[in-house]
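start_8.tsv follows (TSV, C-alpha atoms and all ligand atoms):
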```tsv
chain	number	residue	atom	x	y	z
A	1	MET	CA	-169.70	-26.34	-101.27
A	2	LYS	CA	-172.46	-25.68	-98.70
A	3	ILE	CA	-175.77	-27.48	-99.03
A	4	SER	CA	-178.32	-25.41	-100.95
A	5	GLU	CA	-181.87	-24.58	-99.92
A	6	LYS	CA	-183.24	-26.86	-102.60
A	7	GLN	CA	-181.04	-29.69	-101.35
A	8	ILE	CA	-182.14	-29.07	-97.74
A	9	GLU	CA	-185.75	-29.41	-98.87
A	10	LEU	CA	-184.94	-32.77	-100.44
A	11	VAL	CA	-183.07	-33.93	-97.33
A	12	ASN	CA	-186.14	-33.07	-95.23
A	13	SER	CA	-188.36	-35.23	-97.39
A	14	ARG	CA	-185.85	-38.09	-96.96
A	15	ILE	CA	-185.76	-37.54	-93.17
A	16	GLN	CA	-189.54	-37.84	-93.06
A	17	ALA	CA	-189.50	-41.01	-95.16
A	18	LEU	CA	-186.81	-42.57	-92.95
A	19	GLU	CA	-188.68	-41.75	-89.75
A	20	LYS	CA	-191.92	-43.10	-91.16
A	21	ALA	CA	-190.24	-46.36	-92.13
A	22	GLY	CA	-188.59	-46.64	-88.72
A	23	SER	CA	-185.24	-47.64	-90.24
A	24	PHE	CA	-182.01	-47.40	-88.21
A	25	TYR	CA	-181.45	-43.84	-89.32
A	26	GLY	CA	-185.04	-42.83	-88.77
A	27	LYS	CA	-184.77	-44.12	-85.21
A	28	LYS	CA	-181.49	-42.27	-84.70
A	29	LEU	CA	-183.15	-39.00	-85.75
A	30	LYS	CA	-186.24	-39.60	-83.66
A	31	GLU	CA	-184.09	-40.20	-80.60
A	32	ALA	CA	-182.30	-36.93	-81.31
A	33	GLY	CA	-185.66	-35.21	-81.71
A	34	ILE	CA	-184.95	-34.11	-85.29
A	35	THR	CA	-187.82	-33.98	-87.78
A	36	GLU	CA	-186.41	-31.41	-90.18
A	37	ILE	CA	-183.45	-29.12	-90.77
A	38	HIS	CA	-183.30	-25.51	-91.87
A	39	THR	CA	-179.69	-24.52	-92.42
A	40	ALA	CA	-176.35	-25.92	-93.56
A	41	GLU	CA	-175.27	-25.87	-89.90
A	42	ASP	CA	-178.27	-28.04	-88.98
A	43	PHE	CA	-177.31	-30.44	-91.74
A	44	GLU	CA	-173.74	-30.73	-90.52
A	45	LYS	CA	-175.03	-31.78	-87.11
A	46	LEU	CA	-176.97	-34.76	-88.48
A	47	PRO	CA	-175.48	-38.09	-87.45
A	48	PHE	CA	-173.36	-40.02	-89.95
A	49	SER	CA	-174.32	-43.41	-91.29
A	50	GLU	CA	-171.71	-46.12	-91.46
A	51	LYS	CA	-171.30	-49.39	-93.31
A	52	SER	CA	-171.76	-51.20	-89.99
A	53	ASP	CA	-175.23	-49.61	-89.62
A	54	LEU	CA	-176.11	-51.00	-93.04
A	55	ARG	CA	-174.81	-54.45	-92.12
A	56	ASP	CA	-176.83	-54.41	-88.90
A	57	ALA	CA	-179.94	-53.76	-91.00
A	58	TYR	CA	-179.48	-57.08	-92.88
A	59	PRO	CA	-181.51	-58.34	-94.63
A	60	LEU	CA	-184.14	-55.69	-95.39
A	61	GLY	CA	-183.89	-53.19	-92.58
A	62	LEU	CA	-182.94	-50.40	-94.98
A	63	MET	CA	-186.18	-50.70	-96.93
A	64	THR	CA	-187.79	-47.27	-96.69
A	65	ALA	CA	-190.46	-47.51	-99.41
A	66	PRO	CA	-193.50	-49.85	-99.18
A	67	GLU	CA	-192.70	-53.39	-100.37
A	68	GLU	CA	-195.01	-53.10	-103.40
A	69	GLU	CA	-192.75	-50.33	-104.73
A	70	ILE	CA	-189.49	-52.24	-104.40
A	71	VAL	CA	-188.48	-53.76	-107.75
A	72	ARG	CA	-184.96	-54.99	-107.10
A	73	ILE	CA	-182.18	-55.40	-104.55
A	74	HIS	CA	-178.44	-55.18	-104.92
A	75	SER	CA	-175.80	-56.27	-102.50
A	76	SER	CA	-172.32	-55.08	-101.78
A	77	SER	CA	-169.91	-57.95	-101.62
A	78	GLY	CA	-168.49	-57.70	-98.16
A	79	THR	CA	-165.15	-59.50	-98.08
A	80	THR	CA	-165.86	-60.22	-94.43
A	81	GLY	CA	-169.04	-60.54	-92.47
A	82	THR	CA	-172.62	-59.78	-93.36
A	83	PRO	CA	-173.34	-58.24	-96.76
A	84	VAL	CA	-175.34	-55.05	-97.21
A	85	ILE	CA	-178.68	-55.26	-99.04
A	86	ILE	CA	-179.91	-52.15	-100.85
A	87	PRO	CA	-183.55	-52.14	-102.05
A	88	TYR	CA	-184.44	-50.04	-105.16
A	89	THR	CA	-187.77	-48.66	-106.32
A	90	ALA	CA	-188.52	-48.30	-110.04
A	91	LYS	CA	-187.74	-44.60	-109.72
A	92	ASP	CA	-184.37	-45.37	-108.08
A	93	VAL	CA	-183.48	-47.69	-110.96
A	94	ASP	CA	-184.51	-45.01	-113.44
A	95	ASP	CA	-182.67	-42.20	-111.60
A	96	TRP	CA	-179.54	-44.30	-111.59
A	97	ALA	CA	-179.84	-44.83	-115.37
A	98	ILE	CA	-180.34	-41.07	-115.87
A	99	MET	CA	-177.15	-40.37	-113.91
A	100	PHE	CA	-175.26	-43.05	-115.80
A	101	LYS	CA	-176.48	-41.71	-119.13
A	102	ARG	CA	-175.14	-38.33	-118.07
A	103	CYS	CA	-171.78	-39.97	-117.37
A	104	TYR	CA	-171.63	-41.43	-120.87
A	105	GLU	CA	-172.62	-38.08	-122.37
A	106	THR	CA	-169.97	-36.28	-120.34
A	107	ALA	CA	-167.43	-38.68	-121.84
A	108	GLY	CA	-168.70	-37.80	-125.32
A	109	ILE	CA	-170.34	-41.20	-125.84
A	110	THR	CA	-173.49	-41.18	-128.02
A	111	ASN	CA	-176.28	-43.45	-129.24
A	112	MET	CA	-174.05	-44.35	-132.19
A	113	ASP	CA	-171.54	-46.03	-129.88
A	114	ARG	CA	-171.31	-49.75	-129.24
A	115	ILE	CA	-170.60	-50.35	-125.60
A	116	GLN	CA	-168.91	-53.57	-124.51
A	117	ILE	CA	-169.60	-54.21	-120.83
A	118	THR	CA	-167.15	-56.47	-119.00
A	119	PRO	CA	-167.91	-55.89	-115.29
A	120	GLY	CA	-169.98	-58.61	-113.60
A	121	TYR	CA	-173.76	-58.91	-113.56
A	122	GLY	CA	-175.79	-60.19	-110.63
A	123	LEU	CA	-176.15	-58.97	-107.08
A	124	TRP	CA	-173.33	-56.56	-107.72
A	125	THR	CA	-174.25	-53.15	-109.15
A	126	ALA	CA	-171.58	-53.02	-111.85
A	127	GLY	CA	-172.67	-54.69	-115.10
A	128	ILE	CA	-176.35	-53.81	-114.89
A	129	GLY	CA	-175.56	-50.18	-114.02
A	130	PHE	CA	-173.37	-49.80	-117.12
A	131	GLN	CA	-176.10	-51.47	-119.16
A	132	ASN	CA	-179.11	-49.45	-117.97
A	133	GLY	CA	-177.25	-46.20	-118.56
A	134	ALA	CA	-176.20	-47.27	-122.05
A	135	GLU	CA	-179.74	-48.29	-122.96
A	136	LYS	CA	-181.05	-44.99	-121.61
A	137	LEU	CA	-178.57	-43.30	-123.92
A	138	GLY	CA	-179.74	-45.42	-126.82
A	139	ALA	CA	-176.35	-46.96	-127.50
A	140	MET	CA	-175.89	-50.59	-128.56
A	141	VAL	CA	-174.92	-52.74	-125.57
A	142	ILE	CA	-172.71	-55.80	-125.85
A	143	PRO	CA	-173.33	-57.33	-122.40
A	144	MET	CA	-170.33	-59.63	-122.03
A	145	GLY	CA	-169.75	-59.72	-118.30
A	146	PRO	CA	-166.30	-60.66	-117.04
A	147	GLY	CA	-163.79	-63.21	-118.27
A	148	ASN	CA	-163.54	-65.39	-121.40
A	149	THR	CA	-160.96	-63.20	-123.06
A	150	ASP	CA	-161.09	-65.10	-126.40
A	151	LYS	CA	-164.81	-64.46	-126.80
A	152	GLN	CA	-164.38	-60.94	-125.48
A	153	LEU	CA	-161.85	-60.10	-128.18
A	154	GLN	CA	-163.84	-61.90	-130.87
A	155	MET	CA	-166.97	-59.86	-130.11
A	156	MET	CA	-164.90	-56.70	-129.82
A	157	GLN	CA	-163.72	-57.22	-133.40
A	158	ASP	CA	-166.94	-58.54	-134.94
A	159	MET	CA	-169.24	-56.02	-133.28
A	160	LYS	CA	-166.73	-53.22	-133.76
A	161	SER	CA	-167.14	-52.11	-130.14
A	162	THR	CA	-166.22	-48.46	-129.68
A	163	VAL	CA	-166.44	-48.22	-125.89
A	164	LEU	CA	-164.97	-50.59	-123.32
A	165	CYS	CA	-166.42	-50.61	-119.80
A	166	SER	CA	-164.17	-52.43	-117.38
A	167	THR	CA	-161.94	-52.42	-114.35
A	168	SER	CA	-158.48	-51.01	-114.87
A	169	SER	CA	-156.83	-54.40	-114.40
A	170	TYR	CA	-159.07	-56.08	-116.98
A	171	ALA	CA	-158.55	-53.23	-119.45
A	172	LEU	CA	-154.81	-53.72	-119.07
A	173	LEU	CA	-155.13	-57.47	-119.56
A	174	LEU	CA	-157.16	-56.94	-122.75
A	175	ALA	CA	-154.66	-54.34	-123.98
A	176	GLU	CA	-151.82	-56.79	-123.50
A	177	GLU	CA	-153.71	-59.61	-125.24
A	178	ILE	CA	-154.50	-57.37	-128.20
A	179	GLU	CA	-150.84	-56.43	-128.45
A	180	LYS	CA	-149.72	-60.07	-128.12
A	181	ARG	CA	-152.15	-61.29	-130.78
A	182	GLY	CA	-151.30	-58.47	-133.15
A	183	ILE	CA	-154.97	-57.57	-133.72
A	184	LYS	CA	-154.76	-53.89	-132.87
A	185	ASP	CA	-155.83	-52.82	-136.39
A	186	LYS	CA	-159.04	-54.89	-136.02
A	187	ILE	CA	-160.06	-53.12	-132.81
A	188	HIS	CA	-162.34	-50.08	-133.08
A	189	LEU	CA	-162.30	-48.93	-129.46
A	190	LYS	CA	-162.21	-45.18	-128.94
A	191	LYS	CA	-163.01	-44.82	-125.26
A	192	GLY	CA	-162.72	-46.71	-122.00
A	193	VAL	CA	-164.97	-46.15	-119.00
A	194	ILE	CA	-163.09	-47.52	-116.05
A	195	GLY	CA	-164.59	-48.32	-112.64
A	196	SER	CA	-163.17	-46.14	-109.97
A	197	GLU	CA	-160.72	-48.27	-108.07
A	198	ARG	CA	-157.53	-46.42	-107.39
A	199	TRP	CA	-155.15	-47.00	-110.31
A	200	SER	CA	-151.73	-45.58	-110.97
A	201	ASP	CA	-150.89	-43.05	-113.66
A	202	LYS	CA	-148.45	-45.59	-115.04
A	203	MET	CA	-151.25	-48.11	-115.55
A	204	ARG	CA	-153.45	-45.45	-117.12
A	205	GLU	CA	-150.65	-44.54	-119.50
A	206	ARG	CA	-150.09	-48.16	-120.52
A	207	ILE	CA	-153.77	-48.78	-121.28
A	208	HIS	CA	-153.99	-45.46	-123.10
A	209	ASN	CA	-150.90	-46.17	-125.19
A	210	GLU	CA	-151.57	-49.82	-125.98
A	211	LEU	CA	-155.24	-49.42	-126.84
A	212	GLY	CA	-154.96	-45.85	-128.09
A	213	ILE	CA	-158.19	-44.92	-126.31
A	214	GLU	CA	-159.36	-42.03	-124.20
A	215	LEU	CA	-159.93	-43.12	-120.58
A	216	PHE	CA	-162.60	-42.01	-118.12
A	217	ASP	CA	-162.90	-42.68	-114.38
A	218	ILE	CA	-166.41	-43.46	-113.27
A	219	TYR	CA	-167.26	-43.21	-109.58
A	220	GLY	CA	-169.88	-44.94	-107.49
A	221	LEU	CA	-170.62	-47.45	-104.77
A	222	THR	CA	-173.36	-50.00	-104.26
A	223	GLU	CA	-174.68	-48.29	-101.13
A	224	ILE	CA	-175.34	-45.16	-103.27
A	225	TYR	CA	-176.99	-46.57	-106.45
A	226	GLY	CA	-173.73	-48.05	-107.86
A	227	PRO	CA	-171.27	-46.80	-110.50
A	228	GLY	CA	-172.42	-43.76	-112.43
A	229	ILE	CA	-172.65	-41.02	-109.83
A	230	GLY	CA	-169.65	-39.15	-111.23
A	231	ILE	CA	-167.17	-39.11	-114.12
A	232	ASN	CA	-164.38	-36.92	-115.45
A	233	CYS	CA	-164.85	-34.89	-118.60
A	234	PRO	CA	-162.47	-35.03	-121.60
A	235	GLY	CA	-159.00	-33.67	-120.87
A	236	GLU	CA	-159.61	-33.32	-117.13
A	237	THR	CA	-158.92	-35.69	-114.25
A	238	ALA	CA	-161.45	-34.33	-111.73
A	239	MET	CA	-164.87	-36.00	-111.80
A	240	HIS	CA	-168.17	-34.15	-112.10
A	241	TYR	CA	-170.88	-35.51	-109.82
A	242	TRP	CA	-174.62	-35.02	-110.00
A	243	ASP	CA	-175.68	-32.64	-107.26
A	244	ASP	CA	-179.36	-32.83	-108.18
A	245	PHE	CA	-179.31	-36.46	-106.95
A	246	LEU	CA	-176.56	-36.35	-104.35
A	247	TYR	CA	-174.97	-34.02	-101.86
A	248	LEU	CA	-171.26	-34.63	-101.23
A	249	GLU	CA	-169.24	-33.43	-98.28
A	250	ILE	CA	-165.55	-33.81	-97.56
A	251	ILE	CA	-164.82	-34.29	-93.87
A	252	ASP	CA	-161.76	-34.71	-91.72
A	253	PRO	CA	-162.03	-38.45	-90.98
A	254	ALA	CA	-160.57	-37.96	-87.51
A	255	THR	CA	-162.83	-35.15	-86.28
A	256	GLY	CA	-165.88	-35.58	-88.52
A	257	LYS	CA	-165.83	-31.84	-89.30
A	258	ASN	CA	-166.22	-30.50	-92.84
A	259	VAL	CA	-162.94	-29.33	-94.40
A	260	PRO	CA	-162.68	-26.27	-96.68
A	261	ASP	CA	-163.11	-26.86	-100.43
A	262	GLY	CA	-159.85	-28.02	-101.97
A	263	GLU	CA	-158.66	-29.91	-98.90
A	264	VAL	CA	-158.37	-33.69	-98.90
A	265	GLY	CA	-160.65	-35.72	-96.67
A	266	GLU	CA	-163.29	-38.43	-96.61
A	267	ILE	CA	-166.20	-38.34	-99.05
A	268	VAL	CA	-169.57	-38.36	-97.27
A	269	ILE	CA	-172.66	-38.79	-99.44
A	270	THR	CA	-176.32	-37.93	-98.91
A	271	THR	CA	-178.87	-39.26	-101.38
A	272	LEU	CA	-181.40	-36.51	-102.11
A	273	VAL	CA	-184.15	-38.40	-103.94
A	274	LYS	CA	-183.56	-42.08	-103.27
A	275	GLU	CA	-186.68	-43.96	-102.13
A	276	GLY	CA	-185.79	-47.62	-101.55
A	277	ALA	CA	-182.89	-46.96	-99.19
A	278	PRO	CA	-182.10	-43.28	-98.70
A	279	LEU	CA	-178.82	-42.60	-96.94
A	280	ILE	CA	-177.93	-39.46	-95.07
A	281	ARG	CA	-174.30	-38.51	-94.46
A	282	TYR	CA	-172.96	-41.92	-95.47
A	283	ARG	CA	-169.24	-42.27	-94.78
A	284	THR	CA	-167.58	-43.82	-97.83
A	285	HIS	CA	-164.03	-43.95	-96.39
A	286	ASP	CA	-162.86	-42.87	-99.87
A	287	LEU	CA	-160.45	-39.97	-99.93
A	288	SER	CA	-160.74	-37.08	-102.32
A	289	ARG	CA	-161.26	-33.33	-102.34
A	290	ILE	CA	-163.70	-30.87	-103.84
A	291	VAL	CA	-162.03	-29.25	-106.85
A	292	PRO	CA	-162.95	-25.58	-106.47
A	293	GLY	CA	-163.86	-23.30	-109.37
A	294	LYS	CA	-165.61	-23.86	-112.65
A	295	CYS	CA	-164.57	-26.58	-115.07
A	296	LYS	CA	-163.17	-25.62	-118.47
A	297	CYS	CA	-165.87	-27.74	-120.11
A	298	GLY	CA	-168.54	-25.30	-118.92
A	299	ARG	CA	-170.63	-27.87	-117.03
A	300	CYS	CA	-171.97	-26.48	-113.77
A	301	TYR	CA	-171.87	-29.80	-111.90
A	302	PRO	CA	-169.37	-29.68	-109.02
A	303	ARG	CA	-166.24	-31.82	-109.10
A	304	ILE	CA	-164.23	-34.12	-106.88
A	305	ASP	CA	-160.67	-35.19	-107.55
A	306	VAL	CA	-159.72	-38.76	-108.48
A	307	ILE	CA	-160.03	-41.10	-105.50
A	308	MET	CA	-156.78	-40.82	-103.56
A	309	GLY	CA	-157.09	-43.89	-101.36
A	310	ARG	CA	-158.91	-44.92	-98.21
A	311	THR	CA	-159.15	-43.18	-94.87
A	312	ASP	CA	-157.32	-46.09	-93.22
A	313	ASP	CA	-154.13	-44.83	-94.94
A	314	MET	CA	-154.26	-41.46	-93.21
A	315	MET	CA	-151.36	-40.24	-91.04
A	316	LYS	CA	-151.61	-37.37	-88.59
A	317	ILE	CA	-148.32	-35.45	-88.47
A	318	LYS	CA	-147.83	-32.11	-86.73
A	319	GLY	CA	-151.59	-31.94	-86.41
A	320	VAL	CA	-152.02	-32.17	-90.19
A	321	ASN	CA	-153.73	-35.05	-91.99
A	322	VAL	CA	-151.34	-36.52	-94.56
A	323	PHE	CA	-152.13	-39.25	-97.05
A	324	PRO	CA	-149.44	-41.43	-98.68
A	325	SER	CA	-151.02	-40.72	-102.08
A	326	GLN	CA	-150.16	-37.01	-101.72
A	327	ILE	CA	-146.49	-37.88	-101.23
A	328	GLU	CA	-146.65	-40.45	-104.03
A	329	GLU	CA	-147.99	-37.85	-106.40
A	330	VAL	CA	-145.14	-35.44	-105.69
A	331	ILE	CA	-142.58	-38.23	-106.07
A	332	GLY	CA	-144.13	-39.24	-109.39
A	333	SER	CA	-143.63	-35.72	-110.71
A	334	PHE	CA	-139.80	-35.89	-110.47
A	335	ASP	CA	-137.97	-37.69	-113.27
A	336	GLU	CA	-134.75	-37.73	-111.25
A	337	ILE	CA	-136.07	-40.28	-108.72
A	338	SER	CA	-137.66	-43.74	-108.90
A	339	SER	CA	-141.22	-44.45	-107.80
A	340	GLU	CA	-140.00	-46.18	-104.63
A	341	TYR	CA	-140.17	-44.32	-101.35
A	342	GLN	CA	-140.29	-44.77	-97.63
A	343	ILE	CA	-141.81	-42.44	-95.07
A	344	ARG	CA	-140.55	-42.44	-91.49
A	345	ILE	CA	-142.35	-40.45	-88.85
A	346	SER	CA	-140.68	-39.86	-85.52
A	347	HIS	CA	-141.16	-37.70	-82.46
A	348	LEU	CA	-138.00	-35.87	-81.39
A	349	ASP	CA	-137.56	-33.03	-78.89
A	350	GLY	CA	-141.28	-32.59	-78.51
A	351	LYS	CA	-142.19	-32.41	-82.19
A	352	ASP	CA	-143.11	-34.68	-85.09
A	353	THR	CA	-140.64	-35.14	-87.89
A	354	MET	CA	-141.31	-36.69	-91.27
A	355	ARG	CA	-138.44	-38.10	-93.29
A	356	ILE	CA	-139.00	-39.23	-96.86
A	357	TYR	CA	-136.44	-41.54	-98.44
A	358	VAL	CA	-136.31	-41.56	-102.23
A	359	GLU	CA	-133.96	-43.07	-104.81
A	360	ALA	CA	-132.02	-40.99	-107.33
A	361	THR	CA	-132.08	-42.58	-110.78
A	362	GLY	CA	-128.95	-40.91	-112.15
A	363	ASP	CA	-126.30	-38.32	-111.54
A	364	HIS	CA	-127.92	-35.34	-109.89
A	365	ASP	CA	-127.07	-32.64	-107.40
A	366	TRP	CA	-128.61	-34.44	-104.44
A	367	ALA	CA	-128.71	-31.40	-102.16
A	368	SER	CA	-130.67	-29.28	-104.60
A	369	LEU	CA	-132.87	-32.21	-105.61
A	370	SER	CA	-133.87	-32.98	-102.03
A	371	ARG	CA	-134.58	-29.29	-101.44
A	372	ARG	CA	-136.85	-29.12	-104.48
A	373	ILE	CA	-138.73	-32.27	-103.46
A	374	ALA	CA	-139.16	-30.96	-99.90
A	375	GLU	CA	-140.53	-27.66	-101.21
A	376	LYS	CA	-143.03	-29.42	-103.44
A	377	VAL	CA	-144.17	-31.70	-100.62
A	378	LYS	CA	-144.61	-28.64	-98.40
A	379	SER	CA	-146.82	-27.00	-101.00
A	380	ARG	CA	-149.05	-30.11	-100.93
A	381	ILE	CA	-149.26	-30.90	-97.23
A	382	GLY	CA	-148.37	-27.66	-95.48
A	383	PHE	CA	-145.11	-28.46	-93.72
A	384	THR	CA	-141.56	-29.24	-94.80
A	385	PRO	CA	-140.34	-32.84	-94.53
A	386	ILE	CA	-136.73	-33.97	-94.43
A	387	VAL	CA	-135.98	-35.56	-97.80
A	388	LYS	CA	-133.15	-38.09	-97.87
A	389	ILE	CA	-131.86	-39.30	-101.21
A	390	VAL	CA	-130.36	-42.74	-101.49
A	391	GLU	CA	-128.89	-44.70	-104.39
A	392	ILE	CA	-131.19	-46.63	-106.69
A	393	GLY	CA	-132.05	-50.11	-105.41
A	394	VAL	CA	-131.47	-49.28	-101.74
A	395	LEU	CA	-135.13	-49.11	-100.70
A	396	PRO	CA	-136.97	-52.41	-100.21
A	397	ARG	CA	-139.00	-53.52	-103.23
A	398	SER	CA	-142.53	-54.86	-103.69
A	399	MET	CA	-143.79	-53.80	-100.33
A	400	LYS	CA	-147.43	-53.17	-99.63
A	401	LYS	CA	-148.33	-49.51	-99.67
A	402	THR	CA	-149.01	-49.44	-95.97
A	403	ALA	CA	-145.57	-50.85	-95.22
A	404	ARG	CA	-143.95	-47.85	-96.91
A	405	VAL	CA	-144.91	-45.77	-93.91
A	406	ILE	CA	-143.07	-46.42	-90.69
A	407	ASP	CA	-144.38	-44.57	-87.68
A	408	GLU	CA	-141.74	-44.57	-84.95
A	409	ARG	CA	-143.58	-42.16	-82.67
A	410	TYR	CA	-145.24	-44.72	-80.45
A	411	ASP	CA	-142.49	-47.32	-80.15
A	501	ZN	ZN	-165.82	-30.55	-116.95
```
Could you render the structure as structure tokens?
Ligand code: ZN
Amino acid sequence: MKISEKQIELVNSRIQALEKAGSFYGKKLKEAGITEIHTAEDFEKLPFSEKSDLRDAYPLGLMTAPEEEIVRIHSSSGTTGTPVIIPYTAKDVDDWAIMFKRCYETAGITNMDRIQITPGYGLWTAGIGFQNGAEKLGAMVIPMGPGNTDKQLQMMQDMKSTVLCSTSSYALLLAEEIEKRGIKDKIHLKKGVIGSERWSDKMRERIHNELGIELFDIYGLTEIYGPGIGINCPGETAMHYWDDFLYLEIIDPATGKNVPDGEVGEIVITTLVKEGAPLIRYRTHDLSRIVPGKCKCGRCYPRIDVIMGRTDDMMKIKGVNVFPSQIEEVIGSFDEISSEYQIRISHLDGKDTMRIYVEATGDHDWASLSRRIAEKVKSRIGFTPIVKIVEIGVLPRSMKKTARVIDERYD
């Protein structure tokens, strides 16, 4: 998915704006003597921007448009340290709503839908992003914000909400409450638009079954507008993203080099038309891959896969980048084993070895089962692991995901 000529043109106009404003990135480019780019190779040589750069710019160092054009700021809630402030122009706010409207349309949501919004409003980009897009679409918004489940369910029934916008955990909580209260026949929900945290297939299935609604993953981050920059289409898991507003790359997080389409790596985003705080080659630390080929739905917008985790989870084995989520996915596709697993990486006789421990759930031919699992893992990551099957209940329970991987190479 190389950058197109049209996109290069847009990047150049952003480079000029950044240099004129003298923001951190503008300075970086000036120091490197770059005023414009001409080819995809030029683009791939541009420096990355990182969250720490954005923090260093606190409070308003990212502001790239004149103050009289800035209409709003948002802030990403840093769990630690200085927050990031993103200024928006009126056009940025409108562009974001256009993208979000496109997300709703991709999900088959129309101006006859009633959209109940449960993510938070305020400095955060969630609630207001869902709302602006819905209003752009012409749908009826029920702007609830988070919490107050009683009121939430009351409005859901009285207003006959047809679309629920929420986090996956809140959607599950609502689903369980609806079940518990026996009010399922009073609920008119048809679709759920779920903010793109990483959620398990099991959770998705439970929400889908209990609420009987079609679920959509919406992608986005505060640094890049907010939610609404990508969504999956009906019947597919991969998410379309809007390449007239954004250019996405997938890089090897260790080397910073672009990986071929289809390979997993870190999502890096360039905003093509943003005015208030344009970002070039922003490292999201989210893991995904470009899904090659055309989508069955016929839309020409390119696609990324569901978010597979964070770059911090990456393991380098035999020179190959491996992510626990890839192993998890393979394990989840076998009915003969539980969802528990443990990965042990060791270095023996000059080479890396990966052992995967899994639990058999019943009476199976363990030798053939482990062979089949190993083959499937190889097809995902490129080399064959040693798969060891143990009895159910042997592996430690309720461990954090990171603790499932034990790297014995550097002991
Ligand atoms: Zn599609």
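Rounded to one decimal, CA of Glu36 (chain A) and CA of Val264 (chain A) lie 29.5 Å from each other.
Distances from A:Glu375, A:Val291, A:Asp352, A:Arg380 to ligand ZN 501 (chain A) were compared using all atoms listed in the file, and the smallest one belongs to A:Val291.
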Distance in Å - CA of Asp261 (chain A) versus CA of Phe43 (chain A): 17.0 Å
Between CA of Thr118 (chain A) and CA of Trp199 (chain A) - distance in Å to one decimal: 17.6 Å
Within 8 Å of ligand ZN 501 (chain A), counting only C-alpha atoms and all ligand atoms, residues as a PyMOL selection string: chain A and resi 106+232-234+236+238-240+294-299+301+303
Could you dump the residues just selected with C-alpha atoms as a JSON list (two decimals), keeping the file's coordinate frame?
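Dumped everything to out.json:
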```
[["chain", "number", "residue", "atom", "x", "y", "z"],
["A", 106, "THR", "CA", -169.97, -36.28, -120.34],
["A", 232, "ASN", "CA", -164.38, -36.92, -115.45],
["A", 233, "CYS", "CA", -164.85, -34.89, -118.60],
["A", 234, "PRO", "CA", -162.47, -35.03, -121.60],
["A", 236, "GLU", "CA", -159.61, -33.32, -117.13],
["A", 238, "ALA", "CA", -161.45, -34.33, -111.73],
["A", 239, "MET", "CA", -164.87, -36.00, -111.80],
["A", 240, "HIS", "CA", -168.17, -34.15, -112.10],
["A", 294, "LYS", "CA", -165.61, -23.86, -112.65],
["A", 295, "CYS", "CA", -164.57, -26.58, -115.07],
["A", 296, "LYS", "CA", -163.17, -25.62, -118.47],
["A", 297, "CYS", "CA", -165.87, -27.74, -120.11],
["A", 298, "GLY", "CA", -168.54, -25.30, -118.92],
["A", 299, "ARG", "CA", -170.63, -27.87, -117.03],
["A", 301, "TYR", "CA", -171.87, -29.80, -111.90],
["A", 303, "ARG", "CA", -166.24, -31.82, -109.10]]
```
Long-range neighbours of Arg102 (chain A) as a PyMOL selection string, 10 Å cut-off, all atoms listed in the file, 4 positions minimum in chain: chain A and resi 96-98+106-109+133-134+136-137+228-231+241-242
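Minimum atom-to-atom distance to Ile85 (chain A), evaluated using all atoms listed in the file, belongs to A:Ala277 out of A:Ile183, A:Ala21, A:Ala277, A:Ile356.
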For Lys30 (chain A): contacts at 12 Å, only C-alpha atoms, fewer than 2 positions along chain excluded, given as number ranges by chain: A: 15-16, 18-28, 32-36, 46-47
